[in-house]
Amino acid sequence: MGMNATMTTAIRTAGPVAAAIVFAGTLSSCVAGGGSGAQTAASTPSPGISSIPEPGLTATPDPRAAAEEARLPMPADDIPAWAREAVPAAGSPGHRNSSSGWMSEHSARQLVSTDETLEPGSYQLQLACRGEGTITATVTTIDGATAGDGATCSNATIAFDAVIPVAGLVTTLRHEGEPTIYALSVTRVD
């Protein structure tokens, strides 16, 4: 599904076993057939993850997203394999969830993901971005309090911390500029 604004992804997994991809899925988002221009942010959600568009958003793909997909640094179908190498994946020590996909002006400029399964504690998030755009990540608690400093990623891999006093973490990814691929993982560190 192409989204022009915001998408919310709710993660309801069974602990560390359910991870494959998604964070902001945790991260995840819409998925459509490859090459249609309809694919947005997360292309490979974890088992048990559902994507819910924000109220008022249309599920009609923006035809300009196909041209943006063609400008990605790799084919969209190759993003999940790249993501498994770019950030900690399922099976890594402390891994809780991860997501990957691509963002652009006409596919997804913002993704909001909520993972209600994360227990209170300290986490490290790793965000990898490739392409000429910039993705900014912010993290909050379920009730909206800041959970960490977040980070800005531009053709790099960065790590940042989040501390949640109560269960659940909300991660927001915002995109600016050229089409960009991303991979995001959440790992428990305490």
# chains A, B, ... in the order shown; residues from 1 in each chain; ligands from 1

$ select_by_dssp --residues "segment 88-145 of chain A" --states "strand (DSSP E or B)" --output "PyMOL selection string"
chain A and resi 95-104+108+110-115+121-131+134-140

$ closest_atom_pairs --of "segment 124-144 of chain A" --to "segment 64-69 of chain A" --cutoff "12 Å" --atoms "only C-alpha atoms" --output "tab-separated table"
residue	atom	partner	partner_atom	distance
A:Gly131	CA	A:Glu69	CA	11.3
A:Glu132	CA	A:Glu68	CA	11.8
A:Gly133	CA	A:Glu68	CA	11.6

$ write_last_selection --atoms "N, CA and C atoms" --output "short mmCIF file (atom, residue, chain, number, x, y, z; two decimals), in the first residue's frame"
data_model
loop_
_atom_site.label_atom_id
_atom_site.label_comp_id
_atom_site.auth_asym_id
_atom_site.auth_seq_id
_atom_site.Cartn_x
_atom_site.Cartn_y
_atom_site.Cartn_z
N GLY A 131 21.22 5.07 0.53
CA GLY A 131 20.53 5.92 -0.43
C GLY A 131 20.90 7.36 -0.13
N GLU A 132 20.36 8.27 -0.89
CA GLU A 132 20.72 9.68 -0.75
C GLU A 132 19.75 10.46 0.14
N GLY A 133 18.80 9.79 0.77
CA GLY A 133 17.87 10.46 1.67
C GLY A 133 18.33 10.36 3.11
#

$ residues_around --residues "Leu173 of chain A" --least-positions-apart "6" --cutoff "7 Å" --atoms "only C-alpha atoms" --output "VMD selection string"
chain A and resid 24 110 to 112 135 to 138

$ write_last_selection --atoms "all heavy atoms" --output "PDB file, in the first residue's frame"
ATOM      1  N   ALA A  24       9.553  -0.123  13.534  1.00  0.00           N
ATOM      2  CA  ALA A  24       8.993   1.113  12.924  1.00  0.00           C
ATOM      3  C   ALA A  24       8.759   0.676  12.319  1.00  0.00           C
ATOM      4  O   ALA A  24       8.507   0.788  12.712  1.00  0.00           O
ATOM      5  CB  ALA A  24       9.174   2.089  12.362  1.00  0.00           C
ATOM      6  N   GLN A 110       6.612   8.856   6.640  1.00  0.00           N
ATOM      7  CA  GLN A 110       6.659   8.633   8.080  1.00  0.00           C
ATOM      8  C   GLN A 110       6.039   7.287   8.408  1.00  0.00           C
ATOM      9  O   GLN A 110       5.004   6.935   7.862  1.00  0.00           O
ATOM     10  CB  GLN A 110       5.906   9.737   8.816  1.00  0.00           C
ATOM     11  CG  GLN A 110       5.861   9.522  10.325  1.00  0.00           C
ATOM     12  CD  GLN A 110       5.290  10.707  11.056  1.00  0.00           C
ATOM     13  OE1 GLN A 110       5.914  11.750  11.079  1.00  0.00           O
ATOM     14  NE2 GLN A 110       4.117  10.557  11.642  1.00  0.00           N
ATOM     15  N   LEU A 111       6.690   6.564   9.314  1.00  0.00           N
ATOM     16  CA  LEU A 111       6.177   5.292   9.806  1.00  0.00           C
ATOM     17  C   LEU A 111       6.201   5.329  11.327  1.00  0.00           C
ATOM     18  O   LEU A 111       7.213   5.690  11.917  1.00  0.00           O
ATOM     19  CB  LEU A 111       7.048   4.127   9.331  1.00  0.00           C
ATOM     20  CG  LEU A 111       7.127   3.915   7.831  1.00  0.00           C
ATOM     21  CD1 LEU A 111       8.179   2.866   7.503  1.00  0.00           C
ATOM     22  CD2 LEU A 111       5.779   3.489   7.312  1.00  0.00           C
ATOM     23  N   VAL A 112       5.097   4.958  11.931  1.00  0.00           N
ATOM     24  CA  VAL A 112       5.009   4.904  13.386  1.00  0.00           C
ATOM     25  C   VAL A 112       4.707   3.464  13.765  1.00  0.00           C
ATOM     26  O   VAL A 112       3.729   2.892  13.301  1.00  0.00           O
ATOM     27  CB  VAL A 112       3.897   5.837  13.924  1.00  0.00           C
ATOM     28  CG1 VAL A 112       3.802   5.728  15.431  1.00  0.00           C
ATOM     29  CG2 VAL A 112       4.152   7.270  13.491  1.00  0.00           C
ATOM     30  N   ILE A 135      16.867   9.462   7.128  1.00  0.00           N
ATOM     31  CA  ILE A 135      15.799   8.927   7.964  1.00  0.00           C
ATOM     32  C   ILE A 135      16.121   9.290   9.410  1.00  0.00           C
ATOM     33  O   ILE A 135      17.222   9.014   9.893  1.00  0.00           O
ATOM     34  CB  ILE A 135      15.650   7.401   7.797  1.00  0.00           C
ATOM     35  CG1 ILE A 135      15.212   7.085   6.357  1.00  0.00           C
ATOM     36  CG2 ILE A 135      14.642   6.851   8.807  1.00  0.00           C
ATOM     37  CD1 ILE A 135      15.105   5.596   6.044  1.00  0.00           C
ATOM     38  N   THR A 136      15.157   9.911  10.069  1.00  0.00           N
ATOM     39  CA  THR A 136      15.305  10.284  11.471  1.00  0.00           C
ATOM     40  C   THR A 136      14.410   9.384  12.297  1.00  0.00           C
ATOM     41  O   THR A 136      13.218   9.229  11.993  1.00  0.00           O
ATOM     42  CB  THR A 136      14.913  11.763  11.686  1.00  0.00           C
ATOM     43  OG1 THR A 136      15.767  12.568  10.861  1.00  0.00           O
ATOM     44  CG2 THR A 136      15.078  12.162  13.145  1.00  0.00           C
ATOM     45  N   ALA A 137      14.988   8.784  13.336  1.00  0.00           N
ATOM     46  CA  ALA A 137      14.240   7.889  14.228  1.00  0.00           C
ATOM     47  C   ALA A 137      14.061   8.568  15.583  1.00  0.00           C
ATOM     48  O   ALA A 137      15.005   9.154  16.115  1.00  0.00           O
ATOM     49  CB  ALA A 137      14.991   6.576  14.405  1.00  0.00           C
ATOM     50  N   THR A 138      12.842   8.482  16.119  1.00  0.00           N
ATOM     51  CA  THR A 138      12.578   8.931  17.482  1.00  0.00           C
ATOM     52  C   THR A 138      11.896   7.791  18.223  1.00  0.00           C
ATOM     53  O   THR A 138      11.211   6.967  17.616  1.00  0.00           O
ATOM     54  CB  THR A 138      11.683  10.187  17.531  1.00  0.00           C
ATOM     55  OG1 THR A 138      10.460   9.913  16.847  1.00  0.00           O
ATOM     56  CG2 THR A 138      12.362  11.384  16.880  1.00  0.00           C
TER      57      THR A 138
END

$ closest_residue --among "A:Ala89, A:Met103, A:Ile164, A:Ala159" --to "Pro73 of chain A" --atoms "only C-alpha atoms"
A:Met103

$ residues_around --residues "segment 150-152 of chain A" --least-positions-apart "6" --cutoff "10 Å" --atoms "only C-alpha atoms" --output "count of residues only"
21

$ atom_distance --atom1 "atom CA of Gln124 of chain A" --atom2 "atom CA of Ser107 of chain A"
27.4 Å

$ residues_around --residues "Tyr182 of chain A" --least-positions-apart "2" --cutoff "9 Å" --atoms "only C-alpha atoms" --output "ChimeraX atom specification"
/A:41-42,79,83,99-103,127-131,135,180,184

$ write_last_selection --atoms "all heavy atoms" --output "tab-separated table (two decimals), in the first residue's frame"
chain	number	residue	atom	x	y	z
A	41	ALA	N	7.44	1.28	3.17
A	41	ALA	CA	8.45	1.09	4.19
A	41	ALA	C	8.86	-0.34	4.44
A	41	ALA	O	9.93	-0.72	4.05
A	41	ALA	CB	8.02	1.75	5.45
A	42	ALA	N	8.15	-1.13	5.14
A	42	ALA	CA	8.68	-2.43	5.49
A	42	ALA	C	8.19	-3.48	4.52
A	42	ALA	O	7.01	-3.63	4.29
A	42	ALA	CB	8.31	-2.81	6.89
A	79	ILE	N	16.07	-6.09	-0.28
A	79	ILE	CA	16.21	-5.39	1.00
A	79	ILE	C	16.19	-6.35	2.20
A	79	ILE	O	17.03	-6.21	3.09
A	79	ILE	CB	15.14	-4.28	1.14
A	79	ILE	CG1	15.39	-3.20	0.07
A	79	ILE	CG2	15.16	-3.68	2.54
A	79	ILE	CD1	14.28	-2.16	-0.02
A	83	ALA	N	19.12	-6.45	4.97
A	83	ALA	CA	18.80	-6.07	6.35
A	83	ALA	C	19.33	-7.08	7.36
A	83	ALA	O	19.82	-6.70	8.43
A	83	ALA	CB	17.29	-5.91	6.51
A	99	SER	N	12.97	-4.60	11.47
A	99	SER	CA	12.16	-4.31	10.29
A	99	SER	C	13.06	-3.77	9.19
A	99	SER	O	14.20	-3.38	9.45
A	99	SER	CB	11.08	-3.27	10.60
A	99	SER	OG	11.68	-2.03	10.91
A	100	SER	N	12.53	-3.76	8.00
A	100	SER	CA	13.28	-3.20	6.89
A	100	SER	C	12.31	-2.79	5.80
A	100	SER	O	11.15	-3.18	5.81
A	100	SER	CB	14.28	-4.22	6.34
A	100	SER	OG	13.61	-5.33	5.78
A	101	GLY	N	12.79	-2.03	4.87
A	101	GLY	CA	11.98	-1.60	3.75
A	101	GLY	C	12.58	-0.37	3.11
A	101	GLY	O	13.78	-0.14	3.18
A	102	TRP	N	11.71	0.43	2.51
A	102	TRP	CA	12.18	1.66	1.89
A	102	TRP	C	11.16	2.76	2.08
A	102	TRP	O	9.97	2.50	2.29
A	102	TRP	CB	12.53	1.46	0.44
A	102	TRP	CG	11.42	1.05	-0.49
A	102	TRP	CD1	10.94	-0.21	-0.68
A	102	TRP	CD2	10.68	1.89	-1.37
A	102	TRP	NE1	9.94	-0.21	-1.61
A	102	TRP	CE2	9.76	1.08	-2.06
A	102	TRP	CE3	10.69	3.26	-1.64
A	102	TRP	CZ2	8.88	1.58	-3.01
A	102	TRP	CZ3	9.81	3.77	-2.58
A	102	TRP	CH2	8.92	2.92	-3.26
A	103	MET	N	11.68	3.98	2.04
A	103	MET	CA	10.84	5.15	2.24
A	103	MET	C	11.16	6.17	1.15
A	103	MET	O	12.29	6.25	0.68
A	103	MET	CB	11.09	5.76	3.63
A	103	MET	CG	10.76	4.81	4.76
A	103	MET	SD	11.17	5.48	6.40
A	103	MET	CE	9.77	6.61	6.63
A	127	LEU	N	20.03	1.35	13.35
A	127	LEU	CA	19.36	1.79	12.14
A	127	LEU	C	20.39	1.90	11.02
A	127	LEU	O	21.39	2.60	11.17
A	127	LEU	CB	18.69	3.15	12.37
A	127	LEU	CG	18.02	3.83	11.19
A	127	LEU	CD1	16.86	2.98	10.64
A	127	LEU	CD2	17.52	5.22	11.59
A	128	ALA	N	20.17	1.18	9.94
A	128	ALA	CA	21.04	1.25	8.76
A	128	ALA	C	20.24	1.89	7.63
A	128	ALA	O	19.07	1.54	7.43
A	128	ALA	CB	21.52	-0.14	8.35
A	129	CYS	N	20.84	2.82	6.93
A	129	CYS	CA	20.19	3.51	5.80
A	129	CYS	C	21.14	3.52	4.63
A	129	CYS	O	22.33	3.77	4.80
A	129	CYS	CB	19.88	4.95	6.17
A	129	CYS	SG	18.87	5.16	7.62
A	130	ARG	N	20.61	3.28	3.46
A	130	ARG	CA	21.40	3.38	2.24
A	130	ARG	C	20.56	4.15	1.22
A	130	ARG	O	19.37	3.90	1.06
A	130	ARG	CB	21.77	2.00	1.68
A	130	ARG	CG	22.60	1.15	2.61
A	130	ARG	CD	23.99	1.74	2.88
A	130	ARG	NE	24.76	0.91	3.78
A	130	ARG	CZ	24.80	1.05	5.10
A	130	ARG	NH1	24.09	1.99	5.69
A	130	ARG	NH2	25.54	0.25	5.83
A	131	GLY	N	21.22	5.07	0.53
A	131	GLY	CA	20.53	5.92	-0.43
A	131	GLY	C	20.90	7.36	-0.13
A	131	GLY	O	21.65	7.65	0.80
A	135	ILE	N	16.87	9.46	7.13
A	135	ILE	CA	15.80	8.93	7.96
A	135	ILE	C	16.12	9.29	9.41
A	135	ILE	O	17.22	9.01	9.89
A	135	ILE	CB	15.65	7.40	7.80
A	135	ILE	CG1	15.21	7.08	6.36
A	135	ILE	CG2	14.64	6.85	8.81
A	135	ILE	CD1	15.11	5.60	6.04
A	180	THR	N	15.19	5.94	0.00
A	180	THR	CA	16.21	5.37	0.88
A	180	THR	C	15.72	4.06	1.45
A	180	THR	O	14.56	3.94	1.84
A	180	THR	CB	16.50	6.36	2.04
A	180	THR	OG1	16.91	7.62	1.46
A	180	THR	CG2	17.59	5.85	2.95
A	184	LEU	N	16.12	-1.76	10.68
A	184	LEU	CA	16.10	-1.34	12.07
A	184	LEU	C	15.96	-2.57	12.95
A	184	LEU	O	15.17	-3.46	12.65
A	184	LEU	CB	14.92	-0.40	12.29
A	184	LEU	CG	14.75	0.12	13.71
A	184	LEU	CD1	15.87	1.05	14.09
A	184	LEU	CD2	13.41	0.83	13.85

$ atom_distance --atom1 "atom CA of Ser113 of chain A" --atom2 "atom CA of Ile181 of chain A"
16.8 Å
